[in-house]
file protein32.cif (mmCIF, C-alpha atoms and all ligand atoms)
data_run
loop_
_atom_site.label_atom_id
_atom_site.label_comp_id
_atom_site.auth_asym_id
_atom_site.auth_seq_id
_atom_site.Cartn_x
_atom_site.Cartn_y
_atom_site.Cartn_z
CA MET D 18 0.00 0.00 0.00
CA ALA D 19 1.18 3.56 -0.73
CA PRO D 20 2.67 5.37 2.29
CA HIS D 21 0.38 7.86 4.07
CA VAL D 22 1.69 11.32 4.99
CA ALA D 23 0.00 13.81 7.33
CA VAL D 24 0.86 17.49 6.86
CA ILE D 25 -0.16 19.69 9.80
CA GLY D 26 -0.92 23.22 8.60
CA ALA D 27 -2.49 24.76 5.50
CA GLY D 28 -0.39 27.92 5.16
CA ILE D 29 2.02 28.50 2.27
CA ILE D 30 4.50 25.99 3.73
CA GLY D 31 1.94 23.25 4.46
CA LEU D 32 0.26 23.47 1.05
CA SER D 33 3.56 23.70 -0.86
CA THR D 34 4.94 20.72 1.07
CA ALA D 35 1.79 18.65 0.50
CA VAL D 36 1.68 19.31 -3.27
CA LEU D 37 5.43 18.74 -3.67
CA ALA D 38 5.16 15.39 -1.83
CA GLN D 39 2.34 14.33 -4.20
CA GLU D 40 4.38 15.35 -7.25
CA LYS D 41 7.63 13.71 -6.11
CA ILE D 42 6.06 10.40 -5.08
CA PRO D 43 3.14 9.48 -7.34
CA GLY D 44 0.50 7.44 -5.52
CA LEU D 45 1.45 8.85 -2.10
CA GLN D 46 -1.58 9.41 0.17
CA VAL D 47 -1.42 12.89 1.70
CA THR D 48 -3.79 14.39 4.29
CA ILE D 49 -3.62 18.03 5.38
CA ILE D 50 -4.82 18.58 8.95
CA SER D 51 -5.26 22.22 9.87
CA GLU D 52 -7.00 24.54 12.30
CA HIS D 53 -7.21 27.41 9.78
CA PHE D 54 -7.24 27.67 6.00
CA SER D 55 -6.93 30.51 3.48
CA PRO D 56 -8.01 33.32 3.85
CA HIS D 57 -7.13 32.93 7.56
CA THR D 58 -3.42 31.99 7.40
CA THR D 59 -0.42 34.27 7.92
CA GLY D 60 0.37 34.55 4.23
CA ASP D 61 -3.11 35.84 3.37
CA GLY D 62 -2.17 39.17 4.94
CA SER D 63 1.13 39.47 3.11
CA ALA D 64 2.01 40.98 -0.28
CA GLY D 65 4.09 37.92 -1.16
CA LEU D 66 7.17 39.85 -2.27
CA TRP D 67 10.29 37.78 -2.98
CA MET D 68 12.96 39.53 -0.92
CA PRO D 69 14.80 38.00 2.05
CA TYR D 70 14.25 39.99 5.27
CA CYS D 71 14.11 39.56 9.08
CA LEU D 72 17.29 37.51 8.63
CA LYS D 73 19.11 38.15 11.92
CA ASP D 74 22.10 35.78 12.11
CA THR D 75 20.89 33.21 9.53
CA PRO D 76 24.04 32.03 7.68
CA GLN D 77 24.50 33.63 4.23
CA ASN D 78 24.82 30.26 2.49
CA LYS D 79 21.40 29.15 3.78
CA ILE D 80 19.75 32.44 2.79
CA LEU D 81 21.28 32.15 -0.69
CA ARG D 82 20.22 28.50 -1.14
CA TRP D 83 16.64 28.98 0.10
CA SER D 84 16.06 32.30 -1.65
CA SER D 85 17.48 31.16 -5.00
CA LYS D 86 15.44 27.92 -4.98
CA THR D 87 12.30 29.93 -4.23
CA TYR D 88 13.16 32.47 -6.93
CA ASP D 89 13.73 29.71 -9.51
CA HIS D 90 10.41 28.07 -8.56
CA ILE D 91 8.53 31.37 -8.95
CA LEU D 92 10.29 32.07 -12.26
CA LYS D 93 9.19 28.64 -13.54
CA LEU D 94 5.59 29.40 -12.56
CA TRP D 95 5.81 32.86 -14.17
CA LYS D 96 6.90 31.29 -17.46
CA SER D 97 4.17 28.64 -17.33
CA ASN D 98 0.67 28.89 -18.76
CA GLU D 99 -0.63 28.99 -15.15
CA ALA D 100 0.99 32.38 -14.42
CA GLY D 101 -2.35 34.21 -14.58
CA ASP D 102 -4.00 31.87 -12.03
CA VAL D 103 -1.28 31.80 -9.40
CA GLY D 104 -1.07 35.57 -8.78
CA ILE D 105 2.44 36.34 -10.00
CA SER D 106 3.76 39.75 -11.07
CA LEU D 107 7.25 40.95 -11.92
CA ILE D 108 7.82 44.41 -10.43
CA PRO D 109 10.61 46.95 -9.88
CA VAL D 110 11.61 47.25 -6.22
CA TYR D 111 13.40 50.29 -4.74
CA LYS D 112 14.84 49.97 -1.24
CA LEU D 113 15.89 53.44 -0.12
CA THR D 114 17.66 54.69 2.95
CA GLU D 115 18.47 57.99 4.62
CA LYS D 116 21.68 56.50 6.04
CA SER D 117 24.84 57.53 4.21
CA GLY D 118 27.70 55.26 3.09
CA GLY D 119 25.46 52.67 1.38
CA GLU D 120 27.44 52.79 -1.89
CA ASP D 121 30.51 51.24 -0.27
CA MET D 122 28.62 48.64 1.75
CA GLU D 123 29.16 45.00 0.85
CA GLN D 124 25.93 43.53 -0.52
CA PRO D 125 24.60 40.26 0.93
CA GLU D 126 25.02 37.08 -1.13
CA TRP D 127 21.29 36.80 -1.97
CA THR D 128 21.43 40.04 -3.99
CA LYS D 129 23.04 37.97 -6.79
CA VAL D 130 19.70 36.21 -7.31
CA PRO D 131 17.14 38.77 -8.57
CA LEU D 132 17.23 40.52 -11.94
CA ALA D 133 18.94 43.89 -12.34
CA HIS D 134 20.11 44.29 -8.75
CA HIS D 135 22.22 47.40 -8.37
CA ILE D 136 23.24 49.97 -5.82
CA ILE D 137 21.63 53.38 -6.11
CA ASN D 138 24.22 56.15 -5.78
CA SER D 139 23.61 59.38 -3.90
CA HIS D 140 22.83 61.31 -7.11
CA GLN D 141 20.14 58.79 -8.17
CA ALA D 142 18.87 58.63 -4.58
CA GLN D 143 18.34 62.39 -4.54
CA LYS D 144 16.26 62.12 -7.71
CA LEU D 145 14.20 59.32 -6.17
CA ALA D 146 13.86 61.34 -2.95
CA SER D 147 12.20 64.10 -4.97
CA LEU D 148 9.29 61.67 -5.58
CA SER D 149 8.77 61.50 -1.81
CA ASP D 150 8.89 63.68 1.30
CA SER D 151 12.06 61.91 2.48
CA LYS D 152 15.78 62.71 2.25
CA PHE D 153 17.14 59.49 0.76
CA THR D 154 20.87 59.28 0.26
CA GLY D 155 21.20 55.77 -1.16
CA GLY D 156 19.68 52.35 -1.59
CA THR D 157 19.31 49.42 -3.95
CA HIS D 158 17.13 48.49 -6.89
CA CYS D 159 16.10 45.13 -8.32
CA ILE D 160 13.30 43.48 -10.26
CA SER D 161 11.47 40.89 -8.20
CA PHE D 162 8.27 38.88 -8.02
CA THR D 163 5.15 39.13 -5.96
CA LEU D 164 3.49 35.73 -5.57
CA GLU D 165 0.22 36.69 -3.92
CA PRO D 166 -0.92 34.16 -1.32
CA THR D 167 -4.57 35.20 -1.73
CA TYR D 168 -4.34 33.69 -5.24
CA PHE D 169 -1.58 31.13 -4.70
CA LEU D 170 -3.09 29.37 -1.65
CA PRO D 171 -6.45 28.56 -3.35
CA TYR D 172 -4.47 27.46 -6.46
CA LEU D 173 -2.37 25.06 -4.36
CA MET D 174 -5.41 23.72 -2.50
CA GLN D 175 -7.20 22.97 -5.76
CA LYS D 176 -4.10 21.23 -7.13
CA PHE D 177 -3.79 19.21 -3.91
CA LYS D 178 -7.39 18.00 -4.14
CA VAL D 179 -7.15 17.19 -7.88
CA ASN D 180 -4.07 15.08 -7.02
CA GLY D 181 -6.26 13.08 -4.60
CA GLY D 182 -5.28 14.83 -1.34
CA LYS D 183 -7.58 14.76 1.70
CA VAL D 184 -8.29 17.62 4.11
CA LEU D 185 -9.22 17.52 7.81
CA HIS D 186 -10.32 20.72 9.52
CA GLN D 187 -9.14 20.32 13.11
CA LYS D 188 -6.65 21.59 15.67
CA VAL D 189 -3.87 19.18 16.61
CA GLU D 190 -3.45 19.41 20.39
CA SER D 191 -0.38 17.16 20.59
CA LEU D 192 1.72 15.03 18.24
CA GLN D 193 0.91 12.13 20.59
CA GLN D 194 -2.53 11.91 18.99
CA PHE D 195 -0.89 10.44 15.86
CA CYS D 196 0.32 7.39 17.81
CA GLY D 197 -1.54 4.32 16.63
CA GLN D 198 -2.97 6.19 13.64
CA ASN D 199 -2.46 5.14 10.09
CA TYR D 200 0.25 7.69 9.12
CA ASP D 201 3.80 6.73 8.13
CA VAL D 202 5.13 10.29 8.26
CA VAL D 203 3.86 13.45 10.00
CA ILE D 204 5.21 16.81 8.74
CA ASN D 205 4.90 19.81 11.04
CA CYS D 206 4.08 22.96 9.00
CA THR D 207 2.42 24.95 11.78
CA GLY D 208 4.60 28.05 11.34
CA VAL D 209 4.96 30.12 14.49
CA GLN D 210 2.55 27.75 16.30
CA ALA D 211 5.38 25.20 16.44
CA HIS D 212 6.33 27.25 19.51
CA ASN D 213 3.25 25.81 21.25
CA LEU D 214 2.62 22.50 19.46
CA VAL D 215 6.10 21.03 19.93
CA GLY D 216 7.42 23.48 22.52
CA ASP D 217 10.10 24.86 20.19
CA LYS D 218 10.83 28.14 21.98
CA SER D 219 13.38 29.13 19.32
CA VAL D 220 10.39 29.81 17.05
CA GLN D 221 9.21 33.32 17.97
CA PRO D 222 6.58 35.62 16.45
CA VAL D 223 7.47 38.78 14.54
CA ARG D 224 4.18 40.69 14.41
CA GLY D 225 3.40 42.25 11.04
CA GLN D 226 0.48 44.59 10.37
CA VAL D 227 -0.46 46.00 6.97
CA LEU D 228 -3.10 48.20 5.34
CA ARG D 229 -4.61 47.37 1.94
CA VAL D 230 -5.58 50.42 -0.10
CA ASN D 231 -7.00 51.08 -3.53
CA ALA D 232 -4.24 52.80 -5.55
CA PRO D 233 -4.25 51.25 -9.04
CA TRP D 234 -1.66 53.79 -10.24
CA VAL D 235 1.15 52.19 -8.18
CA PHE D 236 3.27 49.73 -10.21
CA HIS D 237 6.53 49.60 -8.26
CA ALA D 238 7.47 48.61 -4.72
CA ALA D 239 9.12 51.17 -2.46
CA LEU D 240 10.76 49.99 0.75
CA GLU D 241 12.26 52.26 3.38
CA GLY D 242 15.45 50.44 4.39
CA ASN D 243 15.24 46.97 5.94
CA GLU D 244 12.85 47.80 8.75
CA GLY D 245 10.88 50.88 7.71
CA ASN D 246 7.59 51.39 5.91
CA TYR D 247 6.89 49.72 2.58
CA ILE D 248 4.50 49.97 -0.35
CA ILE D 249 3.96 46.86 -2.49
CA PRO D 250 1.41 46.65 -5.33
CA ASN D 251 -0.73 43.52 -5.67
CA LYS D 252 -3.24 42.73 -8.43
CA ASP D 253 -6.33 44.07 -6.64
CA ASN D 254 -4.90 46.54 -4.12
CA VAL D 255 -1.69 47.98 -2.70
CA ILE D 256 -0.16 46.78 0.57
CA LEU D 257 1.15 49.40 2.97
CA GLY D 258 3.37 48.19 5.77
CA GLY D 259 4.49 47.54 8.18
CA THR D 260 5.52 46.48 11.60
CA GLN D 261 8.18 43.97 12.68
CA GLN D 262 7.45 43.49 16.39
CA GLU D 263 9.50 40.65 17.81
CA GLY D 264 7.89 38.51 20.49
CA ASN D 265 4.43 40.07 19.97
CA TRP D 266 1.63 37.44 19.66
CA ASN D 267 -1.19 39.95 19.11
CA THR D 268 -3.06 39.11 15.87
CA LYS D 269 -5.54 42.00 16.15
CA PRO D 270 -5.00 45.24 14.16
CA ASP D 271 -3.61 48.02 16.36
CA PRO D 272 -5.03 51.51 15.49
CA ALA D 273 -1.75 53.19 16.53
CA ASP D 274 0.17 50.95 14.10
CA SER D 275 -2.38 51.69 11.34
CA MET D 276 -1.84 55.42 11.84
CA SER D 277 1.94 55.09 11.85
CA ILE D 278 1.91 52.89 8.69
CA HIS D 279 -0.40 55.35 6.91
CA ASN D 280 1.70 58.39 7.83
CA GLY D 281 5.00 56.67 6.96
CA CYS D 282 3.76 55.43 3.57
CA CYS D 283 2.29 58.84 2.67
CA LYS D 284 5.73 60.34 3.34
CA LEU D 285 7.23 57.70 1.03
CA MET D 286 4.60 58.19 -1.70
CA PRO D 287 2.69 61.47 -1.11
CA GLY D 288 0.01 60.60 -3.69
CA LEU D 289 -1.38 58.04 -1.22
CA LYS D 290 -2.73 60.85 0.99
C1 LIG L 1 2.18 41.44 7.57
C2 LIG L 1 3.07 40.39 6.97
C3 LIG L 1 3.63 40.61 5.73
C4 LIG L 1 4.47 39.64 5.16
N1 LIG L 1 4.98 39.86 3.91
C5 LIG L 1 5.73 38.90 3.32
C6 LIG L 1 6.20 39.08 1.99
O1 LIG L 1 5.93 40.09 1.33
N2 LIG L 1 6.98 38.09 1.46
C7 LIG L 1 7.28 36.95 2.16
O2 LIG L 1 7.99 36.08 1.63
N3 LIG L 1 6.83 36.76 3.43
C8 LIG L 1 6.06 37.70 4.00
N4 LIG L 1 5.59 37.51 5.27
C9 LIG L 1 5.93 36.26 5.97
C10 LIG L 1 5.05 35.12 5.47
O3 LIG L 1 3.71 35.56 5.35
C11 LIG L 1 5.12 33.94 6.44
O4 LIG L 1 6.48 33.58 6.63
C12 LIG L 1 4.38 32.74 5.88
O5 LIG L 1 3.06 33.07 5.52
C13 LIG L 1 4.38 31.62 6.92
O6 LIG L 1 3.71 30.53 6.35
P1 LIG L 1 3.54 29.17 7.15
O7 LIG L 1 2.82 28.24 6.26
O8 LIG L 1 4.86 28.77 7.72
O9 LIG L 1 2.65 29.56 8.43
P2 LIG L 1 1.11 29.97 8.56
O10 LIG L 1 0.61 30.71 7.38
O11 LIG L 1 1.00 30.64 9.88
O12 LIG L 1 0.36 28.58 8.57
C14 LIG L 1 0.36 27.73 9.68
C15 LIG L 1 -0.77 26.73 9.48
O13 LIG L 1 -0.71 25.77 10.54
C16 LIG L 1 -1.99 25.67 11.14
N5 LIG L 1 -1.80 25.28 12.53
C17 LIG L 1 -1.03 25.89 13.46
N6 LIG L 1 -1.09 25.21 14.62
C18 LIG L 1 -1.91 24.16 14.41
C19 LIG L 1 -2.38 23.09 15.22
N7 LIG L 1 -2.01 22.97 16.49
N8 LIG L 1 -3.24 22.19 14.68
C20 LIG L 1 -3.64 22.30 13.38
N9 LIG L 1 -3.23 23.29 12.58
C21 LIG L 1 -2.37 24.20 13.08
C22 LIG L 1 -2.62 27.04 10.97
O14 LIG L 1 -4.04 26.98 11.13
C23 LIG L 1 -2.16 27.37 9.55
O15 LIG L 1 -3.00 26.76 8.60
C24 LIG L 1 4.75 38.45 5.86
C25 LIG L 1 4.18 38.23 7.12
C26 LIG L 1 3.35 39.18 7.66
C27 LIG L 1 2.73 38.90 9.01
#
call {"tool": "encode", "arguments": {"input": "protein32.cif", "output": "structure tokens"}}
result
Amino acid sequence: MAPHVAVIGAGIIGLSTAVLAQEKIPGLQVTIISEHFSPHTTGDGSAGLWMPYCLKDTPQNKILRWSSKTYDHILKLWKSNEAGDVGISLIPVYKLTEKSGGEDMEQPEWTKVPLAHHIINSHQAQKLASLSDSKFTGGTHCISFTLEPTYFLPYLMQKFKVNGGKVLHQKVESLQQFCGQNYDVVINCTGVQAHNLVGDKSVQPVRGQVLRVNAPWVFHAALEGNEGNYIIPNKDNVILGGTQQEGNWNTKPDPADSMSIHNGCCKLMPGLK
């Protein structure tokens, strides 16, 4: 009999893992068990921009390997006849900073991956600053993808079901409950909830909040440094961000954060006022 795999979690990682397992091992039985599904997973709130961030002390070789594999996968989808269904766009991305000295800074390894990555010199930065209410002195530019989870998650779920996958809507209280059940392998794709499910305290939340606005005239992404505000266009709206609050488990929108995101993004792109 074909082996039976349980995947816990139906976010971007759970669904990608489940579909990949089906594709790699034809005939494999795969069941996704999850408390929440799209549109109620973490990715549903995100713009889906390909750009490594929140990296802390992750080794460069790992960032390069993971980010280039992801980039290649997205590129393959973009070139396929499914590109329109999966929510992919190729967009220019400007990351600008008010800090000086950026031109001489060594660029991280992953910057070799995207198209047209280059450092913006102070002269170009001044020109870009004139589009905003900020005093940018440098930054970087590249062309990258958005792979929008609001489109990609339903696409993956449909693919999973067409491939014969099964879905159980339930919360897993403990991995012990799989003892004596008919699964050969259990894959934990619970994201930040691994902190609670398997007691992995090295997995910590970084709280992100965004606004979605109607601004169909925005066709490029503008990011303020690595940790500032950002503006990323999606197909149906534009995402304004954001927060990066380490250790914060709050999943409710905070009005003070909304105000700060709105003000910061209007400074970055005054037309949003
Ligand atoms: C505001 C914001 C913006 C972001 N922007 C970007 C971006 O532009 N680009 C980018 O690459 N990344 C971005 N990210 C990060 C990205 O969204 C996440 O890294 C990604 O969505 C995590 O996916 P996941 O599948 O690991 O986890 P999740 O989406 O959290 O999925 C976990 C799944 O496990 C299930 N689950 C958890 N515990 C249990 C349990 N005990 N029993 C059963 N099921 C359980 C949940 O119900 C859920 O289905 C952003 C994040 C935020 C918050």
call {"tool": "closest_atom_pairs", "arguments": {"input": "protein32.cif", "of": "chain D", "to": "ligand LIG 1 (chain L)", "cutoff": "7 Å", "atoms": "all atoms listed in the file", "output": "tab-separated table"}}
result
residue	atom	partner	partner_atom	distance
D:Ile25	CA	L:LIG1	N9	5.5
D:Gly26	CA	L:LIG1	O13	3.2
D:Ala27	CA	L:LIG1	O15	3.7
D:Gly28	CA	L:LIG1	O7	3.4
D:Ile29	CA	L:LIG1	O7	4.1
D:Ile30	CA	L:LIG1	O7	3.8
D:Gly31	CA	L:LIG1	O7	5.4
D:Ile50	CA	L:LIG1	C20	5.9
D:Ser51	CA	L:LIG1	N9	3.6
D:Glu52	CA	L:LIG1	N9	4.0
D:His53	CA	L:LIG1	O14	3.5
D:Phe54	CA	L:LIG1	O15	5.1
D:Thr58	CA	L:LIG1	O10	4.2
D:Thr59	CA	L:LIG1	O10	3.7
D:Gly60	CA	L:LIG1	O5	3.3
D:Gly62	CA	L:LIG1	C1	5.6
D:Ser63	CA	L:LIG1	C3	3.8
D:Ala64	CA	L:LIG1	O1	4.3
D:Gly65	CA	L:LIG1	O1	3.8
D:Leu66	CA	L:LIG1	O1	3.8
D:Trp67	CA	L:LIG1	O2	5.4
D:Met68	CA	L:LIG1	O2	6.6
D:Gln187	CA	L:LIG1	C20	5.9
D:Lys188	CA	L:LIG1	N8	3.6
D:Val189	CA	L:LIG1	N8	3.6
D:Glu190	CA	L:LIG1	N7	5.5
D:Cys206	CA	L:LIG1	O13	5.8
D:Thr207	CA	L:LIG1	O13	3.5
D:Gly208	CA	L:LIG1	O8	3.7
D:Val209	CA	L:LIG1	O11	6.1
D:Gln210	CA	L:LIG1	N6	4.7
D:Ala211	CA	L:LIG1	N6	6.7
D:Leu214	CA	L:LIG1	N7	5.5
D:Arg224	CA	L:LIG1	C27	5.9
D:Gly225	CA	L:LIG1	C1	3.8
D:Gln226	CA	L:LIG1	C1	4.5
D:Val227	CA	L:LIG1	C1	5.3
D:Gly259	CA	L:LIG1	C1	6.6
call {"tool": "residues_around", "arguments": {"input": "protein32.cif", "residues": "Asp201 (chain D)", "least_positions_apart": "5", "cutoff": "9 Å", "atoms": "all atoms listed in the file", "output": "tab-separated table (two decimals) with C-alpha atoms, in the coordinates of the input"}}
result
chain	number	residue	atom	x	y	z
D	20	PRO	CA	2.67	5.37	2.29
D	21	HIS	CA	0.38	7.86	4.07
D	22	VAL	CA	1.69	11.32	4.99
D	23	ALA	CA	0.00	13.81	7.33
call {"tool": "atom_distance", "arguments": {"input": "protein32.cif", "atom1": "CA of Leu289 (chain D)", "atom2": "CA of Leu240 (chain D)"}}
result
14.7 Å
call {"tool": "atom_distance", "arguments": {"input": "protein32.cif", "atom1": "CA of Cys283 (chain D)", "atom2": "CA of Gly258 (chain D)"}}
result
11.1 Å
call {"tool": "atom_distance", "arguments": {"input": "protein32.cif", "atom1": "CA of Gly288 (chain D)", "atom2": "CA of Ile249 (chain D)"}}
result
14.3 Å
call {"tool": "closest_residue", "arguments": {"input": "protein32.cif", "among": "D:Lys116, D:Lys218, D:His135, D:Arg82", "to": "Ile160 (chain D)", "atoms": "only C-alpha atoms"}}
result
D:His135
call {"tool": "residues_around", "arguments": {"input": "protein32.cif", "residues": "region 145-147 of chain D", "least_positions_apart": "4", "cutoff": "10 Å", "atoms": "only C-alpha atoms", "output": "MDAnalysis selection string"}}
result
chainID D and resid 111 113:115 137 139:141 151:156 285:286
call {"tool": "residues_near_point", "arguments": {"input": "protein32.cif", "point": "(-4.5, 53.7, -8.8)", "cutoff": "12 Å", "atoms": "only C-alpha atoms", "output": "mmCIF file with C-alpha atoms, in the frame of the given file"}}
result
data_model
loop_
_atom_site.group_PDB
_atom_site.id
_atom_site.type_symbol
_atom_site.label_atom_id
_atom_site.label_comp_id
_atom_site.auth_asym_id
_atom_site.auth_seq_id
_atom_site.Cartn_x
_atom_site.Cartn_y
_atom_site.Cartn_z
ATOM 1 C CA VAL D 230 -5.580 50.420 -0.100
ATOM 2 C CA ASN D 231 -7.000 51.080 -3.530
ATOM 3 C CA ALA D 232 -4.240 52.800 -5.550
ATOM 4 C CA PRO D 233 -4.250 51.250 -9.040
ATOM 5 C CA TRP D 234 -1.660 53.790 -10.240
ATOM 6 C CA VAL D 235 1.150 52.190 -8.180
ATOM 7 C CA PHE D 236 3.270 49.730 -10.210
ATOM 8 C CA HIS D 237 6.530 49.600 -8.260
ATOM 9 C CA PRO D 250 1.410 46.650 -5.330
ATOM 10 C CA ASN D 251 -0.730 43.520 -5.670
ATOM 11 C CA LYS D 252 -3.240 42.730 -8.430
ATOM 12 C CA ASP D 253 -6.330 44.070 -6.640
ATOM 13 C CA ASN D 254 -4.900 46.540 -4.120
ATOM 14 C CA VAL D 255 -1.690 47.980 -2.700
ATOM 15 C CA GLY D 288 0.010 60.600 -3.690
ATOM 16 C CA LEU D 289 -1.380 58.040 -1.220
#
call {"tool": "closest_residue", "arguments": {"input": "protein32.cif", "among": "D:Pro69, D:Pro222, D:Pro76, D:Pro166", "to": "Ser55 (chain D)", "atoms": "all atoms listed in the file"}}
result
D:Pro166
call {"tool": "closest_residue", "arguments": {"input": "protein32.cif", "among": "D:Lys129, D:Ala239, D:Leu45, D:Val220", "to": "Leu148 (chain D)", "atoms": "all atoms listed in the file"}}
result
D:Ala239
call {"tool": "closest_residue", "arguments": {"input": "protein32.cif", "among": "D:Pro270, D:Gly182, D:Gly245, D:Pro125", "to": "Glu40 (chain D)", "atoms": "all atoms listed in the file"}}
result
D:Gly182
call {"tool": "residues_around", "arguments": {"input": "protein32.cif", "residues": "Val130 (chain D)", "least_positions_apart": "3", "cutoff": "8 Å", "atoms": "all atoms listed in the file", "output": "list of chain:residue names"}}
result
D:Leu81, D:Ser84, D:Ser85, D:Tyr88, D:Trp127
call {"tool": "closest_residue", "arguments": {"input": "protein32.cif", "among": "D:Asp61, D:His279, D:Pro131, D:His212", "to": "Lys86 (chain D)", "atoms": "all atoms listed in the file"}}
result
D:Pro131
call {"tool": "closest_atom_pairs", "arguments": {"input": "protein32.cif", "of": "region 47-119 of chain D", "to": "region 33-37 of chain D", "cutoff": "12 Å", "atoms": "all atoms listed in the file", "output": "JSON lines"}}
result
{"residue": "D:Val47", "atom": "CA", "partner": "D:Ala35", "partner_atom": "CA", "distance": 6.7}
{"residue": "D:Thr48", "atom": "CA", "partner": "D:Ala35", "partner_atom": "CA", "distance": 8.0}
{"residue": "D:Ile49", "atom": "CA", "partner": "D:Ala35", "partner_atom": "CA", "distance": 7.3}
{"residue": "D:Ile50", "atom": "CA", "partner": "D:Ala35", "partner_atom": "CA", "distance": 10.7}
{"residue": "D:Thr87", "atom": "CA", "partner": "D:Ser33", "partner_atom": "CA", "distance": 11.2}
{"residue": "D:His90", "atom": "CA", "partner": "D:Ser33", "partner_atom": "CA", "distance": 11.2}
